[in-house]
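Visitor: Starting off with a structure, shown below.
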Amino acid sequence: MLRSFYASLAWQKFRLLIINERGLRCQHCGERVARSAELTLHHLIELTPENVHDTSISLSPVNVIVVHHHCHNEIHHRFSVRRERGVYIIYGPPLAGKMSYVRECVGRGDLVVDMDRLYAAVSMLPDYDKPDNLLSNVRGIHNLLLDNIKTRYGKWHSAWVIGGYADRYKREKLADDLGAELIFCDVSKEECLSRLELDEARRYRRDEWRGYIDKWFSQYMA
Ligand SMILES: [Zn+2]
Ligand SMILES: [Zn+2]
């Protein structure tokens, strides 16, 4: 229940609003940062499954401070306790905020599997530029990592698989195969398209990305 809250549009908007208001600075250590993606919010009254739907706690400006992801981990002592070995599939349309969701939840030593990032790793291109001719190689690495997760190979803590997964049957089959929990980033098509318009990095690839968004919504099965 907490995880789906962090995937919600209400949370994404609240997070950006607070960071924009308070500036690019961690209120825990005082350091400045270059990008809002490096920051998250920490709840002073900790969120629980019982209070998460009470917006006077979960979405209250006075109940949050802006912090680095690593300071946030420090505040919660996330790495001093042995963490569960969870496997999660984060799915939803392009520009739904899947990556920023994972950034908020991921711990050091977790495994993150994302086609866009694998593309970037082997092409030296920014992660929005994905040349078709590399697809089979990128898919090869991707499948290998999914196999590693399936067999629990390696010493990773939790694993996060990021993707569109519009097709319900494929998505549920993958979740079954991996023993994973599905987490949906539920964002409307209008919202995705308006984010694309505002996205400077994708400025020269808007048509291509509009195509990805159209495709996802035409294939999506709830
Ligand atoms: Zn900090
Ligand atoms: Zn916190």
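Numbering starts fresh at 1 for the residues of each chain in the structure tokens, the chains themselves are lettered A, B, ... in the order given, and ligands are numbered from 1 as they appear.
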Please extract the residues at most 10 Å from ligand 2, counting only C-alpha atoms and all ligand atoms, and provide them as a ChimeraX atom specification, using the chain letters and residue numbers of this document.

Guide: /A:40-47,64-67,69,71-76,104

Visitor: Residues of region 16-171 of chain A in helix (DSSP H, G or I) according to DSSP, as an MDAnalysis selection string?

Guide: chainID A and resid 16:22 36:38 55:58 61:63 69:75 98:105 115:123 132:150 168:171

Visitor: Neighbouring residues of Gln219 (chain A) were defined as those with any atom within 12 Å, considering only C-alpha atoms; residues of the same chain fewer than 6 positions away were excluded. Please report them as a list in words.

Guide: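 Surrounding residues, per the criterion: Gly92, Pro93, Gly164, Tyr165, Ala166, Asp167, Arg168, Tyr169, Lys170, Tyr212 and Ile213 of chain A.
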
Visitor: DSSP on the backbone, then: every residue of region 7-201 of chain A marked strand (DSSP E), written as a list in words.

Guide: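 So, restricting region 7-201 of chain A to strand (DSSP E), we get Leu39, Thr40, Leu41, His42, His43, Val64, Ile65, Val66, Val67, His68, Val87, Tyr88, Ile89, Ile90, Tyr91, Leu111, Val112, Val113, Asp114, Ala159, Trp160, Val161, Ile162, Gly163, Glu181, Leu182, Ile183 and Phe184 of chain A.
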
Visitor: Go ahead and save the residues from that selection, with N, CA, C and O atoms, as a JSON list (two decimals), in the first residue's frame.

Guide:
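And here is the file that came out, part37.json:
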[["chain", "number", "residue", "atom", "x", "y", "z"],
["A", 39, "LEU", "N", 16.80, 14.54, -5.19],
["A", 39, "LEU", "CA", 16.15, 14.81, -3.92],
["A", 39, "LEU", "C", 14.84, 14.04, -3.77],
["A", 39, "LEU", "O", 14.16, 13.75, -4.74],
["A", 40, "THR", "N", 14.50, 13.77, -2.52],
["A", 40, "THR", "CA", 13.19, 13.20, -2.24],
["A", 40, "THR", "C", 12.65, 13.87, -0.98],
["A", 40, "THR", "O", 13.27, 14.78, -0.45],
["A", 41, "LEU", "N", 11.49, 13.43, -0.52],
["A", 41, "LEU", "CA", 10.92, 14.00, 0.70],
["A", 41, "LEU", "C", 10.92, 12.94, 1.79],
["A", 41, "LEU", "O", 10.63, 11.78, 1.54],
["A", 42, "HIS", "N", 11.24, 13.40, 3.00],
["A", 42, "HIS", "CA", 11.15, 12.51, 4.16],
["A", 42, "HIS", "C", 9.97, 12.95, 5.02],
["A", 42, "HIS", "O", 9.80, 14.14, 5.29],
["A", 43, "HIS", "N", 9.14, 12.00, 5.43],
["A", 43, "HIS", "CA", 7.99, 12.32, 6.29],
["A", 43, "HIS", "C", 8.42, 12.31, 7.75],
["A", 43, "HIS", "O", 8.99, 11.33, 8.24],
["A", 64, "VAL", "N", 6.91, 17.21, 5.83],
["A", 64, "VAL", "CA", 8.02, 16.69, 5.01],
["A", 64, "VAL", "C", 9.23, 17.62, 5.01],
["A", 64, "VAL", "O", 9.08, 18.83, 5.14],
["A", 65, "ILE", "N", 10.40, 17.03, 4.88],
["A", 65, "ILE", "CA", 11.61, 17.80, 4.60],
["A", 65, "ILE", "C", 12.24, 17.25, 3.31],
["A", 65, "ILE", "O", 12.07, 16.07, 2.98],
["A", 66, "VAL", "N", 12.92, 18.14, 2.59],
["A", 66, "VAL", "CA", 13.57, 17.76, 1.33],
["A", 66, "VAL", "C", 14.96, 17.20, 1.66],
["A", 66, "VAL", "O", 15.73, 17.85, 2.36],
["A", 67, "VAL", "N", 15.24, 16.00, 1.19],
["A", 67, "VAL", "CA", 16.53, 15.36, 1.51],
["A", 67, "VAL", "C", 17.12, 14.64, 0.28],
["A", 67, "VAL", "O", 16.40, 14.24, -0.62],
["A", 68, "HIS", "N", 18.44, 14.48, 0.31],
["A", 68, "HIS", "CA", 19.12, 13.59, -0.64],
["A", 68, "HIS", "C", 18.59, 12.16, -0.50],
["A", 68, "HIS", "O", 18.24, 11.76, 0.60],
["A", 87, "VAL", "N", 11.32, -8.55, -4.97],
["A", 87, "VAL", "CA", 11.43, -8.36, -6.41],
["A", 87, "VAL", "C", 10.20, -7.59, -6.87],
["A", 87, "VAL", "O", 9.07, -7.97, -6.54],
["A", 88, "TYR", "N", 10.41, -6.49, -7.57],
["A", 88, "TYR", "CA", 9.31, -5.61, -7.96],
["A", 88, "TYR", "C", 9.36, -5.30, -9.44],
["A", 88, "TYR", "O", 10.43, -5.06, -9.99],
["A", 89, "ILE", "N", 8.20, -5.30, -10.07],
["A", 89, "ILE", "CA", 8.08, -4.85, -11.46],
["A", 89, "ILE", "C", 7.34, -3.52, -11.45],
["A", 89, "ILE", "O", 6.19, -3.44, -10.99],
["A", 90, "ILE", "N", 8.01, -2.47, -11.90],
["A", 90, "ILE", "CA", 7.40, -1.15, -11.94],
["A", 90, "ILE", "C", 7.01, -0.88, -13.38],
["A", 90, "ILE", "O", 7.88, -0.79, -14.25],
["A", 91, "TYR", "N", 5.70, -0.76, -13.64],
["A", 91, "TYR", "CA", 5.26, -0.61, -15.02],
["A", 91, "TYR", "C", 4.33, 0.58, -15.17],
["A", 91, "TYR", "O", 3.78, 1.10, -14.20],
["A", 111, "LEU", "N", 19.48, -4.46, -7.28],
["A", 111, "LEU", "CA", 19.66, -4.65, -8.72],
["A", 111, "LEU", "C", 18.52, -3.95, -9.46],
["A", 111, "LEU", "O", 17.35, -4.15, -9.14],
["A", 112, "VAL", "N", 18.88, -3.09, -10.44],
["A", 112, "VAL", "CA", 17.86, -2.37, -11.21],
["A", 112, "VAL", "C", 17.98, -2.76, -12.68],
["A", 112, "VAL", "O", 19.06, -2.66, -13.27],
["A", 113, "VAL", "N", 16.88, -3.23, -13.25],
["A", 113, "VAL", "CA", 16.89, -3.69, -14.64],
["A", 113, "VAL", "C", 15.95, -2.81, -15.46],
["A", 113, "VAL", "O", 14.75, -2.78, -15.23],
["A", 114, "ASP", "N", 16.53, -2.08, -16.39],
["A", 114, "ASP", "CA", 15.76, -1.12, -17.17],
["A", 114, "ASP", "C", 16.34, -1.04, -18.58],
["A", 114, "ASP", "O", 17.53, -0.76, -18.74],
["A", 159, "ALA", "N", 15.39, -6.46, -6.09],
["A", 159, "ALA", "CA", 15.53, -6.23, -7.54],
["A", 159, "ALA", "C", 14.33, -5.44, -8.04],
["A", 159, "ALA", "O", 13.20, -5.66, -7.59],
["A", 160, "TRP", "N", 14.61, -4.49, -8.94],
["A", 160, "TRP", "CA", 13.58, -3.61, -9.49],
["A", 160, "TRP", "C", 13.62, -3.75, -11.01],
["A", 160, "TRP", "O", 14.64, -3.45, -11.62],
["A", 161, "VAL", "N", 12.52, -4.19, -11.60],
["A", 161, "VAL", "CA", 12.45, -4.33, -13.06],
["A", 161, "VAL", "C", 11.51, -3.24, -13.57],
["A", 161, "VAL", "O", 10.35, -3.17, -13.17],
["A", 162, "ILE", "N", 12.05, -2.38, -14.43],
["A", 162, "ILE", "CA", 11.29, -1.23, -14.91],
["A", 162, "ILE", "C", 10.91, -1.46, -16.37],
["A", 162, "ILE", "O", 11.76, -1.86, -17.18],
["A", 163, "GLY", "N", 9.65, -1.20, -16.72],
["A", 163, "GLY", "CA", 9.27, -1.35, -18.12],
["A", 163, "GLY", "C", 7.83, -0.90, -18.35],
["A", 163, "GLY", "O", 7.10, -0.58, -17.41],
["A", 181, "GLU", "N", 6.35, -8.59, -7.24],
["A", 181, "GLU", "CA", 5.16, -7.80, -6.96],
["A", 181, "GLU", "C", 5.03, -6.74, -8.06],
["A", 181, "GLU", "O", 6.02, -6.11, -8.43],
["A", 182, "LEU", "N", 3.81, -6.54, -8.60],
["A", 182, "LEU", "CA", 3.59, -5.55, -9.65],
["A", 182, "LEU", "C", 3.22, -4.20, -9.04],
["A", 182, "LEU", "O", 2.36, -4.13, -8.16],
["A", 183, "ILE", "N", 3.88, -3.14, -9.50],
["A", 183, "ILE", "CA", 3.57, -1.79, -9.03],
["A", 183, "ILE", "C", 3.30, -0.91, -10.25],
["A", 183, "ILE", "O", 4.15, -0.77, -11.12],
["A", 184, "PHE", "N", 2.11, -0.33, -10.28],
["A", 184, "PHE", "CA", 1.66, 0.43, -11.46],
["A", 184, "PHE", "C", 1.86, 1.94, -11.24],
["A", 184, "PHE", "O", 1.40, 2.48, -10.24]]

Visitor: Taking only C-alpha atoms and all ligand atoms into account, which residues have an atom no farther than 7 Å from ligand 1? I'd like them as a ChimeraX atom specification.

Guide: /A:26-31,67-68,70-71

Visitor: Restrict the selected residues to C-alpha atoms and save them as a compact mmCIF listing (two decimals), in the first residue's frame.

Guide:
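Result written to result_29.txt:
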# COMPACT_ATOMS: atom_id res chain seq x y z
CA CYS A 26 19.06 18.91 1.19
CA GLN A 27 17.46 19.98 4.48
CA HIS A 28 19.29 17.19 6.29
CA CYS A 29 22.95 17.93 5.40
CA GLY A 30 22.59 21.38 3.83
CA GLU A 31 24.32 20.48 0.57
CA VAL A 67 16.53 15.36 1.51
CA HIS A 68 19.12 13.59 -0.64
CA HIS A 70 21.45 8.91 0.47
CA CYS A 71 20.63 11.15 3.45

Visitor: Which neighbours of Gly109 (chain A) fall inside 9 Å, counting only C-alpha atoms, when residues of the same chain fewer than 3 positions from it are skipped, and could you give them as an NGL selection string?

Guide: :A and (106 or 155-158)

Visitor: Restricting the calculation to only C-alpha atoms: of A:Ala37, A:Leu135, A:Leu16, A:Leu24, which residue gets closest to Met99 (chain A)?

Guide: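 Among the listed residues, A:Ala37 lies closest to Met99 (chain A).
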
Visitor: Tell me which of A:Asn133, A:Gly23, A:Leu174, A:Cys185 sits closest to Asp147 (chain A), counting only C-alpha atoms.

Guide: A:Leu174

Visitor: By how many Å are CA of Gly107 (chain A) and CA of Glu38 (chain A) apart?

Guide: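 Spanning CA of Gly107 (chain A) to CA of Glu38 (chain A) is a straight-line distance of 13.9 Å.
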